[in-house]
Structures are given as structure tokens and as C-alpha cells.
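Colleague: Dropping in protein-v9.pdb, with PDB, C-alpha atoms, pLDDT in the B column.
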```pdb
MODEL        1
ATOM      1  CA  MET A  19      27.128  33.864  35.763  1.00 65.00           C
ATOM      2  CA  ASP A  20      23.384  34.040  36.294  1.00 71.00           C
ATOM      3  CA  SER A  21      22.850  34.891  32.632  1.00 76.00           C
ATOM      4  CA  ASP A  22      25.002  31.896  31.597  1.00 76.00           C
ATOM      5  CA  LEU A  23      22.814  29.539  33.635  1.00 79.00           C
ATOM      6  CA  LYS A  24      19.709  31.114  32.133  1.00 82.00           C
ATOM      7  CA  ALA A  25      21.120  30.648  28.612  1.00 81.00           C
ATOM      8  CA  VAL A  26      21.939  27.011  29.316  1.00 80.00           C
ATOM      9  CA  GLU A  27      18.474  26.366  30.725  1.00 83.00           C
ATOM     10  CA  ASP A  28      16.870  28.073  27.735  1.00 82.00           C
ATOM     11  CA  ALA A  29      18.942  25.920  25.382  1.00 83.00           C
ATOM     12  CA  GLU A  30      17.900  22.779  27.251  1.00 86.00           C
ATOM     13  CA  VAL A  31      14.243  23.781  27.006  1.00 84.00           C
ATOM     14  CA  ARG A  32      14.588  24.397  23.257  1.00 86.00           C
ATOM     15  CA  LEU A  33      16.341  21.071  22.759  1.00 86.00           C
ATOM     16  CA  GLU A  34      13.686  19.231  24.740  1.00 87.00           C
ATOM     17  CA  SER A  35      10.854  20.877  22.793  1.00 86.00           C
ATOM     18  CA  ARG A  36      12.535  20.021  19.475  1.00 87.00           C
ATOM     19  CA  SER A  37      13.093  16.493  20.676  1.00 85.00           C
ATOM     20  CA  GLN A  38       9.409  16.184  21.582  1.00 88.00           C
ATOM     21  CA  ILE A  39       8.357  17.514  18.175  1.00 88.00           C
ATOM     22  CA  ARG A  40      10.703  15.056  16.450  1.00 89.00           C
ATOM     23  CA  ARG A  41       9.311  12.131  18.488  1.00 88.00           C
ATOM     24  CA  GLU A  42       5.768  13.125  17.509  1.00 89.00           C
ATOM     25  CA  GLN A  43       6.758  13.297  13.840  1.00 89.00           C
ATOM     26  CA  LEU A  44       8.364   9.862  14.041  1.00 86.00           C
ATOM     27  CA  GLN A  45       5.254   8.427  15.681  1.00 87.00           C
ATOM     28  CA  LYS A  46       3.055   9.872  12.913  1.00 86.00           C
ATOM     29  CA  ARG A  47       5.355   8.423  10.250  1.00 81.00           C
ATOM     30  CA  ASP A  48       5.332   5.011  11.915  1.00 78.00           C
ATOM     31  CA  ARG A  49       1.534   5.108  12.134  1.00 78.00           C
ATOM     32  CA  ARG A  50       1.302   5.959   8.416  1.00 74.00           C
ATOM     33  CA  ARG A  51       3.696   3.167   7.527  1.00 71.00           C
ATOM     34  CA  ARG A  52       1.640   0.667   9.491  1.00 73.00           C
ATOM     35  CA  LEU A  53      -1.589   1.748   7.806  1.00 74.00           C
ATOM     36  CA  ALA A  54      -0.279   2.166   4.242  1.00 70.00           C
ATOM     37  CA  PRO A  55      -0.403  -1.512   3.249  1.00 69.00           C
ATOM     38  CA  TRP A  56      -3.935  -1.862   4.590  1.00 74.00           C
ATOM     39  CA  LEU A  57      -5.204   1.242   2.833  1.00 76.00           C
ATOM     40  CA  ILE A  58      -3.460   0.634  -0.479  1.00 75.00           C
ATOM     41  CA  CYS A  59      -3.464  -3.124  -0.860  1.00 73.00           C
ATOM     42  CA  LEU A  60      -6.937  -4.131   0.187  1.00 77.00           C
ATOM     43  CA  VAL A  61      -9.156  -1.861  -1.877  1.00 81.00           C
ATOM     44  CA  PRO A  62      -7.701   0.367  -4.592  1.00 86.00           C
ATOM     45  CA  LEU A  63      -5.041  -1.874  -6.139  1.00 87.00           C
ATOM     46  CA  PRO A  64      -7.171  -5.025  -6.436  1.00 90.00           C
ATOM     47  CA  ALA A  65     -10.126  -2.970  -7.646  1.00 90.00           C
ATOM     48  CA  LEU A  66      -8.036  -1.304 -10.359  1.00 90.00           C
ATOM     49  CA  GLY A  67      -6.532  -4.575 -11.539  1.00 92.00           C
ATOM     50  CA  ALA A  68      -9.842  -6.443 -11.511  1.00 91.00           C
ATOM     51  CA  GLY A  69     -11.659  -3.542 -13.151  1.00 90.00           C
ATOM     52  CA  ALA A  70      -9.098  -3.333 -15.930  1.00 92.00           C
ATOM     53  CA  LEU A  71      -9.249  -7.078 -16.575  1.00 91.00           C
ATOM     54  CA  LEU A  72     -13.045  -7.117 -16.578  1.00 89.00           C
ATOM     55  CA  ALA A  73     -13.147  -4.138 -18.931  1.00 89.00           C
ATOM     56  CA  ILE A  74     -10.796  -5.910 -21.341  1.00 89.00           C
ATOM     57  CA  ILE A  75     -12.787  -9.150 -21.137  1.00 86.00           C
ATOM     58  CA  ARG A  76     -16.067  -7.275 -21.591  1.00 84.00           C
ATOM     59  CA  SER A  77     -14.762  -5.332 -24.592  1.00 86.00           C
ATOM     60  CA  SER A  78     -13.496  -8.523 -26.243  1.00 84.00           C
ATOM     61  CA  GLY A  79     -16.920 -10.150 -26.091  1.00 80.00           C
ATOM     62  CA  GLY A  80     -16.593 -12.155 -22.900  1.00 75.00           C
ATOM     63  CA  ASP A  81     -13.446 -14.132 -23.608  1.00 79.00           C
ATOM     64  CA  LEU A  82      -9.866 -13.590 -24.706  1.00 82.00           C
ATOM     65  CA  ARG A  83      -9.843 -15.995 -27.664  1.00 84.00           C
ATOM     66  CA  ASP A  84      -9.406 -13.187 -30.172  1.00 85.00           C
ATOM     67  CA  LEU A  85      -6.089 -12.216 -28.592  1.00 85.00           C
ATOM     68  CA  SER A  86      -2.852 -14.008 -29.347  1.00 89.00           C
ATOM     69  CA  PRO A  87      -1.457 -16.189 -26.559  1.00 90.00           C
ATOM     70  CA  GLY A  88       1.277 -13.640 -25.878  1.00 92.00           C
ATOM     71  CA  ALA A  89      -1.213 -10.805 -25.664  1.00 90.00           C
ATOM     72  CA  THR A  90      -3.416 -12.849 -23.348  1.00 89.00           C
ATOM     73  CA  VAL A  91      -0.496 -13.507 -21.021  1.00 91.00           C
ATOM     74  CA  ALA A  92       0.445  -9.821 -21.132  1.00 92.00           C
ATOM     75  CA  VAL A  93      -3.108  -8.754 -20.276  1.00 91.00           C
ATOM     76  CA  LEU A  94      -3.326 -11.188 -17.363  1.00 89.00           C
ATOM     77  CA  ALA A  95       0.123 -10.258 -16.077  1.00 90.00           C
ATOM     78  CA  GLY A  96      -0.553  -6.555 -16.396  1.00 92.00           C
ATOM     79  CA  CYS A  97      -3.956  -6.650 -14.761  1.00 93.00           C
ATOM     80  CA  LEU A  98      -3.325  -9.207 -12.028  1.00 92.00           C
ATOM     81  CA  LEU A  99       0.387  -9.364 -11.306  1.00 93.00           C
ATOM     82  CA  ALA A 100       1.248  -5.665 -11.554  1.00 93.00           C
ATOM     83  CA  PRO A 101      -1.007  -4.643  -8.619  1.00 93.00           C
ATOM     84  CA  ALA A 102       0.169  -7.669  -6.616  1.00 92.00           C
ATOM     85  CA  LEU A 103       3.813  -6.746  -7.168  1.00 92.00           C
ATOM     86  CA  LEU A 104       3.071  -3.141  -6.245  1.00 91.00           C
ATOM     87  CA  SER A 105       1.454  -4.367  -3.018  1.00 89.00           C
ATOM     88  CA  GLY A 106       4.526  -6.417  -2.262  1.00 89.00           C
ATOM     89  CA  TRP A 107       6.655  -3.352  -2.828  1.00 90.00           C
ATOM     90  CA  VAL A 108       4.499  -1.332  -0.411  1.00 85.00           C
ATOM     91  CA  GLY A 109       4.687  -4.088   2.204  1.00 82.00           C
ATOM     92  CA  ARG A 110       8.455  -4.544   1.919  1.00 85.00           C
ATOM     93  CA  ARG A 111       9.113  -2.244   4.877  1.00 80.00           C
ATOM     94  CA  HIS A 112       7.674  -4.883   7.162  1.00 80.00           C
ATOM     95  CA  GLY A 113       9.970  -7.640   5.920  1.00 85.00           C
ATOM     96  CA  ARG A 114      10.156 -10.117   3.068  1.00 91.00           C
ATOM     97  CA  LEU A 115       7.474 -12.406   4.400  1.00 92.00           C
ATOM     98  CA  ASP A 116       5.002  -9.545   4.774  1.00 87.00           C
ATOM     99  CA  ALA A 117       5.800  -8.335   1.257  1.00 89.00           C
ATOM    100  CA  VAL A 118       5.046 -11.772  -0.179  1.00 93.00           C
ATOM    101  CA  LEU A 119       1.883 -12.068   1.902  1.00 91.00           C
ATOM    102  CA  TRP A 120       0.636  -8.646   0.791  1.00 89.00           C
ATOM    103  CA  ALA A 121       1.211  -9.604  -2.829  1.00 92.00           C
ATOM    104  CA  LEU A 122      -0.706 -12.861  -2.345  1.00 93.00           C
ATOM    105  CA  VAL A 123      -3.548 -11.110  -0.517  1.00 91.00           C
ATOM    106  CA  THR A 124      -3.860  -8.547  -3.288  1.00 92.00           C
ATOM    107  CA  LEU A 125      -3.843 -11.249  -5.958  1.00 93.00           C
ATOM    108  CA  SER A 126      -6.495 -13.206  -4.041  1.00 93.00           C
ATOM    109  CA  VAL A 127      -8.744 -10.171  -3.667  1.00 92.00           C
ATOM    110  CA  GLU A 128      -8.318  -9.415  -7.374  1.00 92.00           C
ATOM    111  CA  LEU A 129      -9.282 -12.929  -8.385  1.00 92.00           C
ATOM    112  CA  ALA A 130     -12.290 -12.864  -6.069  1.00 92.00           C
ATOM    113  CA  LEU A 131     -13.395  -9.559  -7.580  1.00 91.00           C
ATOM    114  CA  VAL A 132     -12.899 -10.781 -11.153  1.00 89.00           C
ATOM    115  CA  PHE A 133     -14.876 -13.967 -10.634  1.00 88.00           C
ATOM    116  CA  GLY A 134     -17.499 -12.418  -8.377  1.00 88.00           C
ATOM    117  CA  LEU A 135     -18.161  -9.353 -10.491  1.00 85.00           C
ATOM    118  CA  GLY A 136     -17.687 -11.214 -13.751  1.00 81.00           C
ATOM    119  CA  PHE A 137     -20.205 -13.884 -12.888  1.00 81.00           C
ATOM    120  CA  ALA A 138     -22.722 -11.898 -10.874  1.00 81.00           C
ATOM    121  CA  VAL A 139     -22.739  -8.447 -12.402  1.00 78.00           C
ATOM    122  CA  LEU A 140     -21.461  -8.814 -15.952  1.00 77.00           C
ATOM    123  CA  ASP A 141     -22.943 -12.263 -16.707  1.00 74.00           C
ATOM    124  CA  LEU A 142     -19.634 -13.603 -17.994  1.00 71.00           C
ATOM    125  CA  GLY A 143     -20.113 -17.011 -16.391  1.00 68.00           C
ATOM    126  CA  PRO A 144     -21.052 -20.313 -17.982  1.00 67.00           C
TER     127      PRO A 144
ENDMDL
END
```
Kindly return the structure encoded in the file as C-alpha cells.

Modeller:
Amino acid sequence: MDSDLKAVEDAEVRLESRSQIRREQLQKRDRRRRLAPWLICLVPLPALGAGALLAIIRSSGGDLRDLSPGATVAVLAGCLLAPALLSGWVGRRHGRLDAVLWALVTLSVELALVFGLGFAVLDLGP
């Protein structure tokens, strides 16, 4: 009887320790999910999209007149909208409104980078 009580107590201790480990893992996952949109959407995605667009504009001589209208739309959509949509996809865990806001924030940062770097650094302005 004493060994049965000891076995039950040992099982309870093991269950409690596993439960504690699982709670810690869930807290780490939640912390990562809260930080992911901030880390992904504010710096790397807008920088990649803006950098790609500026590289294309720079290689085409400062404007996109040489490209067909369809190609121009494709370049703009690929460079600006693709990172914004990816940001929205990352932010979808926090709800639809947050996903839309993350996409808009990413698009805004991209546009600011394109105009700021294009005018100031690459002398693409008027």
C-alpha cells in the first residue's frame, strides 16, 4: 500500500513537471508570435521590396518608360505589394484588422524608403 502511494505521488510529480515544461513552451511560442510581425514587417520585408524596386529603376536609367505598361505594373506589384501581402499573412494570427494594418504599414515603409533613398541617395528625384 505504501508503494502504491509512492507510485501515485511520483506520477503526480512527473505530470506536474511536464505540465510546467509545456506551459513554458507555450509562453515562448506566444512571445515569438507577438514579436514576429514586428521583426519581419518593419525592417526586412520593406527593405527588400524597396531595394528591388530601386535596383530596377536604377538599372533602367532612372525611370520605367522603357518597360511596357504591363511590365511596369508587374514590377510595382512584385516589389511593393508582395512584401505587403506577406506582412499581412504574418499578421493574420492577430486578426483580420491587424493583418490589414501590417500590410499597410509595410507598404508605407516601403514607399518611404523608395522615395527617401531614391531622392537622397540615388539622385532619382526631379

Colleague: Between CA of Ala70 in chain A and CA of Ala95 in chain A, what is the distance, to one decimal in Å?

Modeller: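 Computing it gives 11.5 Å between the two atoms.
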
Colleague: Which residues, written as a list in words, have at least one atom at most 10 Å from range 107-115 of chain A, with all atoms listed in the file counted and residues fewer than 4 positions away on the same chain left out?

Modeller: Arg51, Arg52, Ala54, Pro55, Trp56, Ile58, Cys59, Pro101, Ala102, Leu103, Leu119, Trp120 and Ala121 of chain A

Colleague: Residues at most 8 Å from Gly67 in chain A, counting all atoms listed in the file, excluding those fewer than 6 positions away in the same chain, as a ChimeraX atom specification?

Modeller: /A:96-98,100-101,128

Colleague: From the list A:Ala73, A:Val123, A:Leu104, A:Ala92, which residue is nearest Gly136 in chain A when using only C-alpha atoms?

Modeller: A:Ala73

Colleague: For CA of Leu60 in chain A and CA of Leu125 in chain A, quote the distance in Å rounded to one decimal.

Modeller: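 One can read the CA of Leu60 in chain A to CA of Leu125 in chain A distance as 9.9 Å.
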
Colleague: CA of Leu66 in chain A and CA of Leu129 in chain A, how far apart in Å?

Modeller: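 So the two atoms, CA of Leu129 in chain A and CA of Leu66 in chain A, lie 11.9 Å apart.
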
Colleague: Taking all atoms listed in the file into account, which of A:Ala68, A:Glu34, A:Asp22, A:Asp48 comes nearest Leu99 in chain A?

Modeller: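 Closest to Leu99 in chain A of all the choices is A:Ala68.
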
Colleague: Nearest to Ser77 in chain A: which of A:Arg41, A:Leu140, A:Leu63, A:Thr124 is it, counting only C-alpha atoms?

Modeller: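 Closest to Ser77 in chain A of all the choices is A:Leu140.
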
Colleague: Out of A:Ser105, A:Val127, A:Asp81, A:Val118, which residue has the shortest atom-to-atom distance to Leu142 in chain A when counting all atoms listed in the file?

Modeller: A:Asp81

Colleague: For Leu131 in chain A, which residue among A:Leu71, A:Ala89, A:Ala25, A:Ala117 is the nearest when counting all atoms listed in the file?

Modeller: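 Nearest candidate to Leu131 in chain A out of A:Leu71, A:Ala89, A:Ala25, A:Ala117: A:Leu71.
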
Colleague: I need the residue nearest Gly134 in chain A from this list: A:Leu72, A:Leu53, A:Leu44, A:Val93. Use all atoms listed in the file for the distance.

Modeller: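 Smallest distance to Gly134 in chain A is found for A:Leu72.
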